[in-house]
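> File follows, structure-v1.cif with mmCIF, C-alpha atoms:
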```cif
data_structure
loop_
_atom_site.label_atom_id
_atom_site.label_comp_id
_atom_site.auth_asym_id
_atom_site.auth_seq_id
_atom_site.Cartn_x
_atom_site.Cartn_y
_atom_site.Cartn_z
CA LEU A 95 177.64 99.55 131.85
CA VAL A 96 176.30 97.29 134.59
CA GLU A 97 178.51 94.36 135.38
CA ALA A 98 176.84 90.94 135.30
CA GLY A 99 178.02 90.04 138.80
CA ARG A 100 176.58 93.17 140.28
CA ALA A 101 173.32 93.05 138.38
CA SER A 102 172.18 89.81 139.98
CA ALA A 103 172.28 91.41 143.42
CA PHE A 104 169.59 93.95 142.69
CA GLU A 105 166.08 93.81 141.36
CA ASN A 106 165.78 97.19 139.69
CA ILE A 107 168.64 97.60 137.25
CA ILE A 108 168.85 100.27 134.58
CA LEU A 109 171.47 99.45 131.97
CA ILE A 110 173.58 102.53 131.30
CA PRO A 111 174.47 102.93 127.61
CA GLU A 112 177.72 104.52 126.50
CA LYS A 113 175.61 107.19 124.80
CA TRP A 114 171.96 107.86 125.62
CA PRO A 115 169.69 107.78 122.53
CA ILE A 116 167.95 111.15 122.11
CA GLU A 117 164.59 111.66 120.38
CA ASN A 118 163.77 115.01 118.80
CA LEU A 119 160.12 115.84 119.60
CA LEU A 120 159.68 119.33 118.11
CA ASP A 121 161.73 121.39 115.68
CA GLN A 122 160.71 124.74 117.16
CA THR A 123 162.95 126.35 119.74
CA ASN A 124 161.66 127.37 123.18
CA LYS A 125 162.89 129.51 126.04
CA ASN A 126 161.68 127.25 128.84
CA ILE A 127 159.71 124.16 129.72
CA ILE A 128 157.15 124.30 132.52
CA PRO A 129 156.28 120.81 133.80
CA ILE A 130 153.05 120.20 135.67
CA GLU A 131 154.01 117.41 138.04
CA GLY A 132 151.80 114.33 138.04
CA THR A 133 150.22 115.09 134.65
CA SER A 134 151.08 114.20 131.05
CA ILE A 135 151.28 117.79 129.82
CA LEU A 136 154.08 120.31 129.53
CA LEU A 137 153.91 124.04 128.95
CA LEU A 138 156.45 125.28 126.45
CA SER A 139 157.32 128.96 126.69
CA ASN A 140 158.78 131.07 123.92
CA GLY A 141 158.01 134.50 125.35
CA LYS A 142 156.05 136.46 127.94
CA LYS A 143 152.69 136.57 126.18
CA ILE A 144 149.97 133.93 126.32
CA LYS A 145 150.25 133.40 122.56
CA ASP A 146 153.92 132.46 123.11
CA HIS A 147 152.97 129.40 125.19
CA TYR A 148 152.07 125.92 124.00
CA VAL A 149 150.56 122.88 125.66
CA TYR A 150 152.43 119.68 124.77
CA ASP A 151 150.59 116.39 125.36
CA ILE A 152 153.26 113.82 126.15
CA LYS A 153 151.12 110.74 125.54
CA GLN A 154 149.68 112.04 122.26
CA GLY A 155 152.94 113.59 121.12
CA GLN A 156 151.07 116.72 120.04
CA GLN A 157 151.17 120.40 120.92
CA VAL A 158 148.58 123.16 120.67
CA VAL A 159 148.84 126.87 121.34
CA LEU A 160 147.64 127.96 124.76
CA ALA A 161 145.54 130.66 123.09
CA GLY A 162 144.77 131.03 119.39
CA PRO A 163 144.75 134.37 117.52
CA ASP A 164 141.00 134.80 118.17
CA CYS A 165 141.43 134.60 121.93
CA PRO A 166 140.96 138.06 123.52
CA PHE A 167 143.91 137.36 125.82
CA ALA A 168 146.39 136.15 123.19
CA GLU A 169 148.46 139.35 123.54
CA ALA A 170 148.25 139.43 127.35
CA VAL A 171 151.56 139.27 129.24
CA ILE A 172 151.80 136.56 131.91
CA LEU A 173 152.74 138.05 135.28
CA LYS A 174 152.41 135.01 137.51
CA SER A 175 151.38 131.36 137.25
CA PHE A 176 149.82 129.05 139.84
CA PHE A 177 150.03 125.26 139.48
CA VAL A 178 148.98 122.31 141.64
CA LYS A 179 150.40 118.80 141.47
CA GLU A 180 148.34 116.41 139.28
CA SER A 181 146.02 119.21 138.16
CA VAL A 182 145.56 119.99 134.44
CA ASN A 183 143.92 123.23 135.55
CA PHE A 184 146.04 126.24 136.37
CA ILE A 185 145.61 129.96 136.97
CA LEU A 186 147.39 132.86 135.28
CA THR A 187 147.67 136.47 136.39
CA VAL A 188 148.14 138.55 133.24
CA ASN A 189 148.40 142.12 132.04
CA SER A 190 145.83 142.63 129.29
CA LYS A 191 145.71 146.06 127.68
CA GLY A 192 146.93 147.71 130.88
CA SER A 193 144.55 145.85 133.22
CA THR A 194 145.32 142.90 135.49
CA LYS A 195 143.22 139.85 134.69
CA ILE A 196 142.95 136.44 136.37
CA LEU A 197 142.45 133.50 134.01
CA PHE A 198 141.39 129.94 134.86
CA VAL A 199 142.90 127.50 132.35
CA ASP A 200 141.54 124.02 131.63
CA ALA A 201 144.15 122.04 129.67
CA SER A 202 142.37 118.69 129.94
CA GLY A 203 141.02 118.71 126.38
CA PRO A 204 142.62 118.86 122.93
CA ILE A 205 142.31 122.67 123.05
CA ALA A 206 143.02 124.65 126.22
CA GLU A 207 140.10 126.73 127.52
CA LEU A 208 140.66 130.08 129.23
CA LYS A 209 138.04 131.62 131.51
CA ASP A 210 138.18 135.13 132.92
CA ILE A 211 137.58 134.92 136.69
CA THR A 212 138.90 138.39 137.58
CA GLU A 213 135.64 139.46 139.23
CA LEU A 214 136.13 136.85 141.95
CA PHE A 215 139.23 138.63 143.24
CA ASN A 216 139.09 141.86 145.21
CA GLU A 217 142.43 141.70 147.03
CA LYS A 218 146.05 140.99 146.19
CA ILE A 219 146.74 137.29 145.68
CA ASP A 220 149.43 135.89 147.98
CA ASN A 221 148.80 132.27 147.01
CA LEU A 222 146.14 129.99 145.55
CA TYR A 223 145.18 126.46 146.65
CA TRP A 224 143.04 123.76 145.08
CA THR A 225 143.22 120.00 144.47
CA SER A 226 143.21 117.99 141.25
CA GLN A 227 140.07 116.19 142.48
CA ASP A 228 138.15 119.46 142.89
CA PRO A 229 139.75 122.17 140.73
CA THR A 230 136.79 124.58 140.77
CA ASN A 231 136.92 125.17 144.54
CA ILE A 232 139.78 127.65 144.92
CA PHE A 233 141.15 128.99 148.21
CA CYS A 234 142.87 132.35 147.93
CA LEU A 235 145.30 133.63 150.55
CA HIS A 236 145.16 137.41 151.11
CA GLY A 237 147.44 138.50 153.96
CA ASP A 238 146.18 136.63 157.01
CA PHE A 239 142.81 135.41 155.70
CA ILE A 240 141.46 132.96 153.14
CA ASN A 241 138.69 133.62 150.62
CA LYS A 242 136.88 130.63 149.15
CA LEU A 243 135.97 130.85 145.46
CA ASP A 244 133.61 128.63 143.49
CA ILE A 245 134.55 128.87 139.82
CA GLU A 246 131.43 127.10 138.56
CA SER A 247 128.86 129.23 140.39
CA GLN A 248 131.08 132.35 140.29
CA SER A 249 130.61 132.71 144.08
CA VAL A 250 132.94 134.27 146.62
CA TYR A 251 132.97 133.47 150.34
CA PRO A 252 135.00 136.38 151.77
CA GLN A 253 137.21 135.83 154.81
CA PHE A 254 136.22 132.18 154.86
CA ILE A 255 139.00 131.58 157.39
CA LYS A 256 140.63 134.38 159.40
CA SER A 257 143.92 134.80 161.30
CA VAL A 258 145.72 132.27 159.09
CA GLU A 259 149.40 131.45 159.56
CA GLY A 260 149.47 128.14 157.68
CA PHE A 261 147.31 126.38 155.12
CA GLY A 262 146.97 123.18 153.09
CA LEU A 263 144.44 120.87 151.43
CA TYR A 264 144.10 117.11 151.23
CA LEU A 265 141.21 114.96 149.92
CA GLY A 266 138.42 117.43 150.64
CA GLN A 267 139.86 118.53 153.99
CA ILE A 268 141.32 121.89 154.98
CA TYR A 269 144.32 122.08 157.31
CA VAL A 270 144.83 125.49 158.86
CA LEU A 271 147.22 126.92 161.42
CA LYS A 272 145.86 130.05 163.12
CA LYS A 273 147.75 132.89 164.77
CA ASN A 274 147.21 131.56 168.28
CA ASN A 275 148.91 128.27 167.22
CA LEU A 276 145.50 126.62 166.94
CA PHE A 277 145.89 123.82 164.38
CA LEU A 278 142.61 122.65 162.85
CA LYS A 279 141.21 120.29 160.23
CA LEU A 280 137.85 121.23 158.68
CA ASP A 281 135.76 120.29 155.67
CA TYR A 282 135.09 122.62 152.74
CA ASP A 283 131.81 123.79 154.27
CA ARG A 284 133.27 124.26 157.79
CA ASN A 285 130.60 121.90 159.14
CA SER A 286 133.13 119.69 160.92
CA GLN A 287 136.14 120.90 162.85
CA GLU A 288 138.88 118.94 164.59
CA LYS A 289 141.68 120.28 166.77
CA LEU A 290 144.94 118.56 165.78
CA ILE A 291 147.35 119.81 168.48
CA HIS A 292 146.23 119.78 172.11
CA ASP A 293 149.63 120.58 173.65
CA ASN A 294 149.98 124.38 173.45
CA SER A 295 153.66 124.37 174.41
CA LEU A 296 154.43 121.91 171.60
CA ALA A 297 152.53 124.08 169.13
CA ARG A 298 154.50 127.16 170.22
CA SER A 299 157.84 125.38 169.90
CA LEU A 300 157.03 124.08 166.42
CA PHE A 301 155.43 127.16 164.90
CA SER A 302 157.15 130.02 166.71
CA ASN A 303 159.14 131.18 163.66
CA GLU A 304 157.78 134.13 161.73
CA GLY A 305 156.49 133.46 158.24
CA PHE A 306 153.70 131.57 156.56
CA ILE A 307 153.62 127.76 156.84
CA GLU A 308 152.73 125.57 153.86
CA ILE A 309 150.95 122.45 155.16
CA LYS A 310 151.53 119.42 152.93
CA PRO A 311 149.63 116.30 153.98
CA ILE A 312 150.72 113.08 152.27
CA SER A 313 148.08 110.98 154.03
CA ASN A 314 145.41 111.43 156.69
CA ASP A 315 148.03 110.75 159.36
CA ILE A 316 151.26 112.24 158.04
CA LEU A 317 151.73 115.98 157.54
CA PHE A 318 154.76 117.95 156.43
CA PHE A 319 155.31 121.67 157.01
CA THR A 320 157.56 124.01 155.01
CA ASP A 321 158.21 127.74 154.87
CA LYS A 322 160.02 130.28 152.69
CA GLN A 323 163.30 129.73 154.56
CA GLY A 324 163.23 126.06 153.53
CA GLN A 325 162.42 124.67 156.95
CA LEU A 326 161.02 121.12 156.95
CA MET A 327 158.92 119.77 159.82
CA ALA A 328 156.48 116.89 160.25
CA ASN A 329 154.07 115.49 162.80
CA LEU A 330 156.63 112.71 163.32
CA LEU A 331 159.48 112.61 165.79
CA PRO A 332 161.78 114.45 166.04
CA TYR A 333 159.41 116.93 164.30
CA ARG A 334 162.06 119.23 162.78
CA PHE A 335 164.23 117.77 160.02
CA LEU A 336 165.66 120.87 158.31
CA ASP A 337 166.10 124.37 159.69
CA SER A 338 166.51 125.93 156.24
CA GLY A 339 167.48 125.30 152.64
CA LEU A 340 164.73 122.95 151.42
CA ILE A 341 164.06 123.44 147.72
CA GLY A 342 161.67 120.57 146.97
CA MET A 343 160.26 117.22 148.06
CA ASN A 344 158.73 114.19 146.38
CA PHE A 345 156.98 111.39 148.27
CA TYR A 346 157.01 107.73 147.18
CA GLU A 347 154.02 106.12 148.84
CA ASP A 348 154.84 102.43 148.32
CA THR A 349 157.98 102.59 150.46
CA GLN A 350 157.01 105.62 152.57
CA GLN A 351 160.10 107.58 151.56
CA LEU A 352 160.37 111.31 151.03
CA LEU A 353 162.92 112.56 148.51
CA ILE A 354 164.17 116.01 149.51
CA TRP A 355 166.77 118.31 148.04
CA GLN A 356 168.71 121.43 148.82
CA LYS A 357 170.92 123.47 146.52
CA ASP A 358 173.92 121.18 147.04
CA LYS A 359 172.58 117.84 148.29
CA ILE A 360 169.89 115.19 148.00
CA GLY A 361 168.42 113.22 150.87
CA ILE A 362 165.89 110.50 151.61
CA LEU A 363 163.65 110.66 154.67
CA ASN A 364 162.48 107.14 155.44
CA ILE A 365 159.30 107.35 157.49
CA SER A 366 158.73 103.59 157.47
CA VAL A 367 161.66 102.92 159.82
CA LYS A 368 160.60 100.55 162.59
CA GLU A 369 161.59 101.23 166.16
CA GLU A 370 164.50 99.19 167.51
CA PRO A 371 163.36 96.91 170.38
CA ASN A 372 166.47 97.72 172.44
CA GLU A 373 166.09 101.51 172.10
CA ILE A 374 164.33 103.19 175.01
CA PHE A 375 163.91 106.45 173.04
CA GLN A 376 161.82 106.58 169.89
CA LEU A 377 164.10 107.48 167.00
CA GLY A 378 161.53 108.50 164.40
CA PRO A 379 162.15 108.74 160.65
CA LYS A 380 165.75 108.68 159.46
CA LEU A 381 167.15 111.27 157.07
CA THR A 382 170.00 109.99 154.90
CA TRP A 383 171.94 112.26 152.57
CA VAL A 384 172.74 110.23 149.44
CA TYR A 385 174.45 112.98 147.42
CA LYS A 386 176.37 116.02 148.70
CA GLU A 387 178.22 117.32 145.66
CA GLY A 388 175.54 119.42 143.98
CA LYS A 389 176.13 122.88 142.54
CA ASN A 390 172.63 124.21 141.94
CA ILE A 391 170.11 121.36 142.23
CA ARG A 392 166.67 122.53 141.05
CA GLN A 393 164.63 119.34 140.59
CA CYS A 394 164.68 115.67 141.63
CA PHE A 395 162.54 112.71 140.54
CA TRP A 396 162.15 109.15 141.75
CA VAL A 397 162.88 106.61 139.00
CA TYR A 398 162.04 102.90 138.76
CA GLU A 399 160.23 102.33 142.05
CA ASN A 400 162.56 104.68 143.95
CA SER A 401 165.67 102.65 143.10
CA HIS A 402 167.15 105.62 141.22
CA ILE A 403 167.03 109.42 141.40
CA LEU A 404 167.06 111.72 138.39
CA PHE A 405 168.07 115.33 139.05
CA ASN A 406 168.67 118.68 137.37
CA ASP A 407 171.88 120.36 138.54
CA LYS A 408 173.35 123.49 136.92
CA ASN A 409 172.09 122.75 133.39
CA GLU A 410 173.03 119.08 133.53
CA VAL A 411 170.88 116.01 134.20
CA TYR A 412 172.20 113.07 136.23
CA LEU A 413 170.93 109.65 137.26
CA ILE A 414 171.84 108.23 140.66
CA GLU A 415 171.65 104.46 141.20
CA LEU A 416 170.96 103.74 144.87
CA GLU A 417 172.33 100.61 146.51
CA PRO A 418 171.04 98.80 149.62
CA GLN A 419 174.30 99.28 151.53
CA GLY A 420 174.13 103.03 151.06
CA ASN A 421 176.53 103.50 148.15
CA PHE A 422 175.52 105.14 144.91
CA HIS A 423 176.63 105.41 141.30
CA ILE A 424 176.05 108.57 139.29
CA ASN A 425 175.80 108.94 135.52
CA LYS A 426 175.39 112.06 133.43
CA ILE A 427 172.39 111.89 131.11
CA ALA A 428 172.23 115.18 129.20
CA ASP A 429 173.11 118.86 128.94
CA ILE A 430 170.09 121.18 128.95
CA LYS A 431 169.32 124.77 127.99
CA ASN A 432 170.64 127.25 130.52
CA GLY A 433 168.23 127.90 133.42
CA THR A 434 165.46 125.57 132.20
CA TYR A 435 163.46 122.81 133.87
CA ILE A 436 163.13 119.12 133.04
CA TYR A 437 160.38 116.56 133.50
CA TYR A 438 160.43 112.83 134.11
CA MET A 439 157.30 110.75 133.58
CA GLU A 440 157.58 107.34 135.24
CA ASP A 441 154.76 105.59 133.38
CA MET A 442 156.47 106.51 130.09
CA GLY A 443 159.99 106.03 131.43
CA ASN A 444 161.10 109.20 129.65
CA LEU A 445 163.04 112.34 130.48
CA TYR A 446 161.81 115.51 128.73
CA TYR A 447 164.00 118.60 128.39
CA LEU A 448 165.15 121.43 126.16
CA ASP A 449 168.57 120.96 124.61
CA GLU A 450 171.06 123.80 124.52
CA SER A 451 169.41 125.22 121.37
CA GLY A 452 165.94 125.14 122.99
CA LYS A 453 164.47 122.17 121.12
CA LEU A 454 162.25 119.71 123.03
CA LYS A 455 163.96 116.33 123.37
CA SER A 456 163.31 113.07 125.20
CA ILE A 457 165.52 110.28 126.45
CA ASN A 458 164.15 106.88 127.41
CA ILE A 459 165.56 106.14 130.86
CA LEU A 460 163.35 103.15 131.69
CA PRO A 461 162.49 100.77 128.81
CA LYS A 462 158.82 99.83 128.45
CA SER A 463 159.60 96.25 129.42
CA GLN A 464 160.68 97.49 132.86
CA ILE A 465 157.80 99.90 133.54
CA ILE A 466 155.59 98.70 136.38
CA PRO A 467 151.91 98.80 135.26
#
```
Could you express the structure from this file as structure tokens?

Amino acid sequence: LVEAGRASAFENIILIPEKWPIENLLDQTNKNIIPIEGTSILLLSNGKKIKDHYVYDIKQGQQVVLAGPDCPFAEAVILKSFFVKESVNFILTVNSKGSTKILFVDASGPIAELKDITELFNEKIDNLYWTSQDPTNIFCLHGDFINKLDIESQSVYPQFIKSVEGFGLYLGQIYVLKKNNLFLKLDYDRNSQEKLIHDNSLARSLFSNEGFIEIKPISNDILFFTDKQGQLMANLLPYRFLDSGLIGMNFYEDTQQLLIWQKDKIGILNISVKEEPNEIFQLGPKLTWVYKEGKNIRQCFWVYENSHILFNDKNEVYLIELEPQGNFHINKIADIKNGTYIYYMEDMGNLYYLDESGKLKSINILPKSQIIP
């Protein structure tokens, strides 16, 4: 429980009950929960086939099957899934009657719609990119080139960009790193092109490691770069923040803070730090590790205007209360089904998870009276 003397010192207080009240949402059991970050829907999985998956609408409190018995792909086995933050559209690679099919799913309505877009793909898919604002323009990575696909017109623009070593999208702009360390920003039609790094030696030092770079803009001016080894870089001094081990990141725009996590620790990268007037060298953003006792951290979420952190660690969910002087308090919230994911939705104030039996549950972390509209 929060002590009265301490509570007055902070604005964002979450009262910790002795026992968190748990709400049972569905009686059916599930094998996993697949959250789509930034949306109000969850995918519930009870098997490998499309018919074994359900779309749960958090705000409506209702679920529907991903594909009904009349759907020609109901028996198809899901091989791979592609999701994008804030997008209610996603793409499934499936095995249907011995053939590989690519399905475009629109989960925005009361019934999910599946569209076969297999004919748009001629090569192996390494990754797919799109934005929630424009979900029908898909960029497909094949080896070292990008194909552009238009779902609505069923058009393919082969080798739209060649010699690609890094790629990302942001608000109708393409960010691409080419093999000669040429870093460009272009529009979807390639009508405008801007070179973003003019210092070739800097480009070589930043992008000399082998492996594909995921470019993750969070604004027009701030870009982050990650790779499969878990390296984290940015276009901010000192440029490289992690050499390896990054699992995930979550940006809070209001305070310009990036929540990052590795298998055993959680950190906050504050990019709003002002330069000290007495420092002759620019210090750049400051990375502070707020928790270093993790076992197998898989997910982290900002809670209550970034005053708290909710995280999933080895089948247990915890809430960290951050304090201005750098201390923290940690409270266990729930046990979850082995190997499953969780989801926290800030504008509902609720944690969603599967209990140890596989039933979908929710816990109200942030009461409605404290939710910021």
> Compile the contact shell of range 430-432 of chain A as a list in words: residues with an atom at most 10 Å away, counting all atoms listed in the file, same-chain residues fewer than 6 positions apart removed.
Asn124, Lys125, Asn126, Ile127, Asn406, Asp407, Lys408, Asn409, Glu410, Val411, Tyr447, Leu448, Asp449, Glu450, Ser451, Gly452, Lys453, Leu454 and Lys455 of chain A
> Using Å and a single decimal, report how far CA of Asn458 in chain A sits from CA of Leu445 in chain A.
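The value is 6.4 Å.
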> For the file shown, what are the residues hit by the PyMOL selection byres ((chain A and resi 224) around 12), laid out as a PyMOL selection string?
chain A and resi 176-185+221-223+225-235+242-245+261-268+282
> Selection in question (the file shown): the PyMOL selection byres ((chain A and resi 317) around 6). Which residues does it include, as number ranges by chain?
A: 310-311, 316, 318, 328-329
> Please list as a VMD selection string every residue within 12 Å of Phe277 in chain A, counting all atoms listed in the file and excluding residues in the same chain fewer than 4 positions away.
chain A and resid 257 to 262 268 to 273 287 to 294 296 to 298 300 to 301 307 309 317 329
> Selected residues, C-alpha atoms, written as a PDB file, in the frame of the given file, please.

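Saved as selection-v4.pdb:
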```pdb
ATOM      1  CA  SER A 257     143.920 134.800 161.300  1.00  0.00           C
ATOM      2  CA  VAL A 258     145.720 132.270 159.090  1.00  0.00           C
ATOM      3  CA  GLU A 259     149.400 131.450 159.560  1.00  0.00           C
ATOM      4  CA  GLY A 260     149.470 128.140 157.680  1.00  0.00           C
ATOM      5  CA  PHE A 261     147.310 126.380 155.120  1.00  0.00           C
ATOM      6  CA  GLY A 262     146.970 123.180 153.090  1.00  0.00           C
ATOM      7  CA  ILE A 268     141.320 121.890 154.980  1.00  0.00           C
ATOM      8  CA  TYR A 269     144.320 122.080 157.310  1.00  0.00           C
ATOM      9  CA  VAL A 270     144.830 125.490 158.860  1.00  0.00           C
ATOM     10  CA  LEU A 271     147.220 126.920 161.420  1.00  0.00           C
ATOM     11  CA  LYS A 272     145.860 130.050 163.120  1.00  0.00           C
ATOM     12  CA  LYS A 273     147.750 132.890 164.770  1.00  0.00           C
ATOM     13  CA  GLN A 287     136.140 120.900 162.850  1.00  0.00           C
ATOM     14  CA  GLU A 288     138.880 118.940 164.590  1.00  0.00           C
ATOM     15  CA  LYS A 289     141.680 120.280 166.770  1.00  0.00           C
ATOM     16  CA  LEU A 290     144.940 118.560 165.780  1.00  0.00           C
ATOM     17  CA  ILE A 291     147.350 119.810 168.480  1.00  0.00           C
ATOM     18  CA  HIS A 292     146.230 119.780 172.110  1.00  0.00           C
ATOM     19  CA  ASP A 293     149.630 120.580 173.650  1.00  0.00           C
ATOM     20  CA  ASN A 294     149.980 124.380 173.450  1.00  0.00           C
ATOM     21  CA  LEU A 296     154.430 121.910 171.600  1.00  0.00           C
ATOM     22  CA  ALA A 297     152.530 124.080 169.130  1.00  0.00           C
ATOM     23  CA  ARG A 298     154.500 127.160 170.220  1.00  0.00           C
ATOM     24  CA  LEU A 300     157.030 124.080 166.420  1.00  0.00           C
ATOM     25  CA  PHE A 301     155.430 127.160 164.900  1.00  0.00           C
ATOM     26  CA  ILE A 307     153.620 127.760 156.840  1.00  0.00           C
ATOM     27  CA  ILE A 309     150.950 122.450 155.160  1.00  0.00           C
ATOM     28  CA  LEU A 317     151.730 115.980 157.540  1.00  0.00           C
ATOM     29  CA  ASN A 329     154.070 115.490 162.800  1.00  0.00           C
TER      30      ASN A 329
END
```
> Using all atoms listed in the file, pick whichever of A:Asn118, A:Asn344, A:Ser456, A:Thr194 has the shortest atom-to-atom distance to Cys394 in chain A.
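Among the listed residues, the smallest separation from Cys394 in chain A belongs to A:Asn344.
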> Considering only C-alpha atoms, return as a list in words whatever protein or nucleic-acid residues lie within 9 Å of Lys153 in chain A, sequence-local ones (same chain, fewer than 2 positions apart) excluded.
Ser134, Ile135, Asp151, Gly155, Gln156 and Met442 of chain A
> Atoms to include: C-alpha atoms. Write the selected residues as a short mmCIF file (atom, residue, chain, number, x, y, z; two decimals), in the coordinates of the input.

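Full text of out-v3.cif as output:
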```
data_model
loop_
_atom_site.label_atom_id
_atom_site.label_comp_id
_atom_site.auth_asym_id
_atom_site.auth_seq_id
_atom_site.Cartn_x
_atom_site.Cartn_y
_atom_site.Cartn_z
CA SER A 134 151.08 114.20 131.05
CA ILE A 135 151.28 117.79 129.82
CA ASP A 151 150.59 116.39 125.36
CA GLY A 155 152.94 113.59 121.12
CA GLN A 156 151.07 116.72 120.04
CA MET A 442 156.47 106.51 130.09
#
```
> Would you kindly return, as JSON, numbers by chain, each protein, DNA or RNA residue with an atom no farther than 8 Å from any atom of range 210-213 of chain A, considering only C-alpha atoms and excluding same-chain residues fewer than 6 positions away?
{"A": [195, 196, 197, 198, 245, 248]}
> So which one's closest to Glu105 in chain A, A:Asn274, A:Asn189, A:Asn400, A:Asn216? Using only C-alpha atoms, please.
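Result for the nearest residue to Glu105 in chain A: A:Asn400.
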